[in-house]
Amino acid sequence: MTTIREPSPPRAPLRTESFRQSRPEIVGPDVPEAPFPILMAGVVQRGFGRGGKDLGCPTANLPDEAVQSLPRDTKTGIYYGYARVHPTVEATGNPGDVAGDELETYPMVMSIGWNPFYKNEKLTAEVHIMREFHADFYGQKLSVVVLGYIRPELDYTSREDLIQDIEIDKRVALKSLERPGYKAYETQCLLESSETK
């Protein structure tokens, strides 16, 4: 098991076709169990710019402090839950570029790890909110409630295989969140930063 406290990027297993074919449609128990829910929050940082351009999956990067606040035994991999963008730019207090119903809570998938396909040297937490936004929201606060674990971090022989798994991750997250025991946590993202330690 690879955790976020590894001193350097570990070698991730290569994704196999048998792994893809054996993936379940729903993960986790009918209600979240420890260590979930995990609350995370922080100002959205600029990342590598690959999610939307290369993978068709735009992501919002949480700051290093948000990752460092996680329990030491947190596994790297793909997680699911809910996320919400807050209305103001933290540094100025001015309204951000997203507004209206874009500020509601939406399902999300999140990668915590080194993204071995891209050979990252830095551990990141990248959140994909399953909603189209009309603008970027760099500098705005993002609240996340993590409710479950989908799969470990993997390496890939092609970008197409990575994209295929990302699409499966999204479907698994949506199906897993349909259960009443998970929908009850949707309002957790309404918490302000003072409450999301």
# chains A, B, ... in the order shown; residues from 1 in each chain; ligands from 1
>>> select_by_dssp(residues="range 146-178 of chain A", states="strand (DSSP E)", output="list in words")
Val146, Leu147, Gly148, Tyr149, Ile150 and Arg151 of chain A
>>> select_by_dssp(residues="range 2-195 of chain A", states="alpha helix (DSSP H)", output="PyMOL selection string")
chain A and resi 17-21+51-55+64-68+159-177+180-183
>>> closest_atom_pairs(of="range 10-90 of chain A", to="range 154-170 of chain A", cutoff="12 Å", atoms="only C-alpha atoms", output="tab-separated table")
residue	atom	partner	partner_atom	distance
A:Pro10	CA	A:Leu154	CA	10.7
A:Arg11	CA	A:Asp155	CA	8.4
A:Ala12	CA	A:Leu154	CA	5.3
A:Pro13	CA	A:Leu154	CA	5.4
A:Leu14	CA	A:Asp155	CA	4.6
A:Arg15	CA	A:Leu154	CA	5.7
A:Thr16	CA	A:Tyr156	CA	8.5
A:Glu17	CA	A:Asp161	CA	9.3
A:Phe19	CA	A:Asp165	CA	10.1
A:Arg20	CA	A:Asp165	CA	7.5
A:Gln21	CA	A:Asp165	CA	10.6
A:Ser22	CA	A:Ile168	CA	11.6
A:Arg23	CA	A:Ile168	CA	8.5
A:Pro24	CA	A:Ile168	CA	9.5
A:Glu25	CA	A:Ile168	CA	8.4
A:Ile26	CA	A:Asp169	CA	10.0
A:Val27	CA	A:Asp169	CA	10.3
A:Arg50	CA	A:Arg159	CA	11.5
A:Gly51	CA	A:Ile163	CA	10.1
A:Gly52	CA	A:Ile163	CA	11.2
A:Lys53	CA	A:Ile163	CA	11.9
A:Asp54	CA	A:Arg159	CA	8.3
A:Leu55	CA	A:Ile163	CA	6.0
A:Gly56	CA	A:Ile163	CA	8.0
A:Cys57	CA	A:Ile166	CA	8.0
A:Pro58	CA	A:Ile166	CA	11.4
A:Thr59	CA	A:Ile166	CA	11.9
A:Thr76	CA	A:Leu154	CA	9.7
A:Gly77	CA	A:Leu154	CA	7.9
A:Ile78	CA	A:Asp169	CA	7.7
A:Tyr79	CA	A:Asp169	CA	8.7
A:Tyr80	CA	A:Lys170	CA	8.5
A:Gly81	CA	A:Lys170	CA	10.8
>>> residues_around(residues="Glu102 in chain A", least_positions_apart="2", cutoff="12 Å", atoms="only C-alpha atoms", output="PyMOL selection string")
chain A and resi 83-87+96-100+104-106+129-137
>>> write_last_selection(atoms="N, CA and C atoms", output="CSV table (one decimal), in the first residue's frame")
chain,number,residue,atom,x,y,z
A,83,ALA,N,-17.9,18.4,-3.9
A,83,ALA,CA,-17.1,19.6,-3.9
A,83,ALA,C,-18.0,20.8,-4.2
A,84,ARG,N,-17.5,21.9,-3.7
A,84,ARG,CA,-18.2,23.2,-3.9
A,84,ARG,C,-17.2,24.3,-4.0
A,85,VAL,N,-17.3,25.2,-5.0
A,85,VAL,CA,-16.5,26.4,-5.2
A,85,VAL,C,-17.2,27.5,-4.4
A,86,HIS,N,-16.4,28.2,-3.7
A,86,HIS,CA,-16.9,29.4,-2.9
A,86,HIS,C,-16.9,30.7,-3.7
A,87,PRO,N,-17.7,31.7,-3.4
A,87,PRO,CA,-18.0,32.8,-4.4
A,87,PRO,C,-16.9,33.8,-4.5
A,96,GLY,N,-15.5,36.0,-7.5
A,96,GLY,CA,-14.8,35.2,-8.4
A,96,GLY,C,-15.5,35.1,-9.8
A,97,ASP,N,-14.8,34.4,-10.7
A,97,ASP,CA,-15.4,34.3,-12.1
A,97,ASP,C,-16.5,33.3,-12.2
A,98,VAL,N,-16.7,32.4,-11.2
A,98,VAL,CA,-17.9,31.5,-11.3
A,98,VAL,C,-18.9,32.0,-10.3
A,99,ALA,N,-20.2,31.9,-10.7
A,99,ALA,CA,-21.2,32.4,-9.8
A,99,ALA,C,-22.5,31.6,-10.1
A,100,GLY,N,-23.6,32.0,-9.4
A,100,GLY,CA,-24.9,31.4,-9.6
A,100,GLY,C,-24.9,29.9,-9.3
A,104,GLU,N,-23.0,25.7,-6.4
A,104,GLU,CA,-23.7,24.7,-5.7
A,104,GLU,C,-22.8,23.5,-5.5
A,105,THR,N,-23.2,22.5,-4.7
A,105,THR,CA,-22.4,21.3,-4.5
A,105,THR,C,-22.6,20.3,-5.6
A,106,TYR,N,-21.5,19.7,-6.0
A,106,TYR,CA,-21.6,18.7,-7.1
A,106,TYR,C,-20.7,17.5,-6.8
A,129,ILE,N,-14.6,18.3,-10.7
A,129,ILE,CA,-16.0,18.5,-10.3
A,129,ILE,C,-16.8,18.1,-11.5
A,130,MET,N,-17.8,17.3,-11.3
A,130,MET,CA,-18.6,16.8,-12.5
A,130,MET,C,-19.7,17.8,-12.8
A,131,ARG,N,-19.2,18.9,-13.4
A,131,ARG,CA,-20.1,19.9,-13.9
A,131,ARG,C,-19.3,20.8,-14.8
A,132,GLU,N,-19.9,21.3,-15.8
A,132,GLU,CA,-19.1,22.3,-16.7
A,132,GLU,C,-19.2,23.7,-16.1
A,133,PHE,N,-18.0,24.3,-16.1
A,133,PHE,CA,-17.9,25.7,-15.6
A,133,PHE,C,-17.6,26.6,-16.8
A,134,HIS,N,-18.1,27.8,-16.7
A,134,HIS,CA,-17.9,28.7,-17.8
A,134,HIS,C,-16.6,29.4,-17.7
A,135,ALA,N,-15.9,29.4,-16.6
A,135,ALA,CA,-14.6,30.0,-16.4
A,135,ALA,C,-13.8,29.3,-15.3
A,136,ASP,N,-12.5,29.6,-15.3
A,136,ASP,CA,-11.6,29.0,-14.3
A,136,ASP,C,-12.0,29.7,-12.9
A,137,PHE,N,-11.6,29.0,-11.8
A,137,PHE,CA,-11.8,29.6,-10.5
A,137,PHE,C,-10.5,29.6,-9.7
>>> atom_distance(atom1="CA of Arg46 in chain A", atom2="CA of Lys141 in chain A")
12.8 Å
>>> residues_around(residues="Gly113 in chain A", least_positions_apart="4", cutoff="8 Å", atoms="only C-alpha atoms", output="PyMOL selection string")
chain A and resi 4+76-77+123-125+153
>>> residues_around(residues="Lys75 in chain A", least_positions_apart="3", cutoff="12 Å", atoms="only C-alpha atoms", output="PyMOL selection string")
chain A and resi 1-6+35+67+70-72+78-79+111-114+123+125+148-153
>>> write_last_selection(atoms="N, CA, C and O atoms", output="CSV table (one decimal), in the first residue's frame")
chain,number,residue,atom,x,y,z
A,1,MET,N,0.8,-1.2,0.0
A,1,MET,CA,0.0,0.0,0.0
A,1,MET,C,0.9,1.2,0.0
A,1,MET,O,1.8,1.4,0.8
A,2,THR,N,0.7,2.1,-1.0
A,2,THR,CA,1.4,3.4,-1.0
A,2,THR,C,0.6,4.5,-0.3
A,2,THR,O,-0.6,4.7,-0.6
A,3,THR,N,1.3,5.2,0.6
A,3,THR,CA,0.6,6.3,1.3
A,3,THR,C,1.2,7.6,0.8
A,3,THR,O,2.3,7.7,0.2
A,4,ILE,N,0.6,8.7,1.3
A,4,ILE,CA,1.0,10.1,0.9
A,4,ILE,C,2.3,10.5,1.6
A,4,ILE,O,2.9,11.5,1.3
A,5,ARG,N,2.8,9.7,2.6
A,5,ARG,CA,4.0,10.0,3.3
A,5,ARG,C,5.3,9.4,2.7
A,5,ARG,O,6.3,9.5,3.3
A,6,GLU,N,5.2,8.8,1.5
A,6,GLU,CA,6.4,8.3,0.9
A,6,GLU,C,7.3,9.4,0.6
A,6,GLU,O,6.9,10.5,0.2
A,35,PRO,N,-12.0,5.9,7.4
A,35,PRO,CA,-11.7,7.3,7.9
A,35,PRO,C,-12.6,8.4,7.3
A,35,PRO,O,-12.4,9.6,7.5
A,67,VAL,N,-3.2,18.9,1.5
A,67,VAL,CA,-2.7,17.5,1.4
A,67,VAL,C,-2.0,17.1,2.6
A,67,VAL,O,-2.1,16.0,3.2
A,70,LEU,N,-3.9,15.7,5.7
A,70,LEU,CA,-4.5,14.4,5.7
A,70,LEU,C,-3.8,13.4,6.6
A,70,LEU,O,-2.6,13.6,6.9
A,71,PRO,N,-4.5,12.4,7.1
A,71,PRO,CA,-3.8,11.4,8.0
A,71,PRO,C,-2.6,10.8,7.3
A,71,PRO,O,-2.6,10.6,6.1
A,72,ARG,N,-1.6,10.5,8.1
A,72,ARG,CA,-0.3,9.9,7.5
A,72,ARG,C,-0.5,8.7,6.7
A,72,ARG,O,0.2,8.4,5.8
A,78,ILE,N,-7.5,7.2,-6.3
A,78,ILE,CA,-8.6,8.0,-6.7
A,78,ILE,C,-9.8,7.9,-5.7
A,78,ILE,O,-10.1,6.7,-5.3
A,79,TYR,N,-10.3,9.0,-5.3
A,79,TYR,CA,-11.4,9.1,-4.3
A,79,TYR,C,-12.6,9.7,-4.9
A,79,TYR,O,-12.5,10.3,-6.0
A,111,SER,N,-7.9,12.8,-7.5
A,111,SER,CA,-6.6,12.0,-7.5
A,111,SER,C,-5.7,12.6,-6.4
A,111,SER,O,-5.4,13.8,-6.4
A,112,ILE,N,-5.2,11.7,-5.6
A,112,ILE,CA,-4.2,12.1,-4.6
A,112,ILE,C,-3.0,11.3,-4.9
A,112,ILE,O,-3.0,10.0,-4.8
A,113,GLY,N,-1.9,11.9,-5.3
A,113,GLY,CA,-0.7,11.1,-5.7
A,113,GLY,C,0.3,11.9,-6.5
A,113,GLY,O,0.3,13.1,-6.6
A,114,TRP,N,1.0,11.1,-7.3
A,114,TRP,CA,2.1,11.6,-8.1
A,114,TRP,C,1.8,11.6,-9.6
A,114,TRP,O,2.7,11.9,-10.4
A,123,LEU,N,3.7,15.5,-4.9
A,123,LEU,CA,2.4,15.0,-4.6
A,123,LEU,C,1.3,16.0,-4.7
A,123,LEU,O,1.5,17.2,-4.3
A,125,ALA,N,-3.1,17.0,-4.9
A,125,ALA,CA,-4.6,16.6,-4.8
A,125,ALA,C,-5.3,17.4,-5.9
A,125,ALA,O,-5.4,18.6,-5.8
A,148,GLY,N,-15.1,8.2,-0.1
A,148,GLY,CA,-14.7,6.9,-0.4
A,148,GLY,C,-13.6,6.8,-1.4
A,148,GLY,O,-13.1,7.8,-2.0
A,149,TYR,N,-13.0,5.6,-1.5
A,149,TYR,CA,-11.8,5.3,-2.3
A,149,TYR,C,-12.3,4.4,-3.5
A,149,TYR,O,-13.0,3.4,-3.3
A,150,ILE,N,-11.8,4.8,-4.6
A,150,ILE,CA,-12.2,4.0,-5.8
A,150,ILE,C,-11.1,3.0,-6.2
A,150,ILE,O,-11.4,1.8,-6.4
A,151,ARG,N,-9.9,3.5,-6.3
A,151,ARG,CA,-8.8,2.5,-6.8
A,151,ARG,C,-7.5,3.1,-6.5
A,151,ARG,O,-7.3,4.3,-6.2
A,152,PRO,N,-6.4,2.3,-6.6
A,152,PRO,CA,-5.0,2.8,-6.4
A,152,PRO,C,-4.6,3.6,-7.6
A,152,PRO,O,-5.1,3.5,-8.7
A,153,GLU,N,-3.5,4.3,-7.4
A,153,GLU,CA,-2.8,5.0,-8.4
A,153,GLU,C,-2.1,4.0,-9.3
A,153,GLU,O,-1.4,3.1,-8.8
>>> atom_distance(atom1="CA of Leu142 in chain A", atom2="CA of Gly42 in chain A")
5.6 Å
>>> residues_around(residues="Ala60 in chain A", least_positions_apart="2", cutoff="7 Å", atoms="only C-alpha atoms", output="NGL selection string")
:A and (44 or 62 or 126-128)
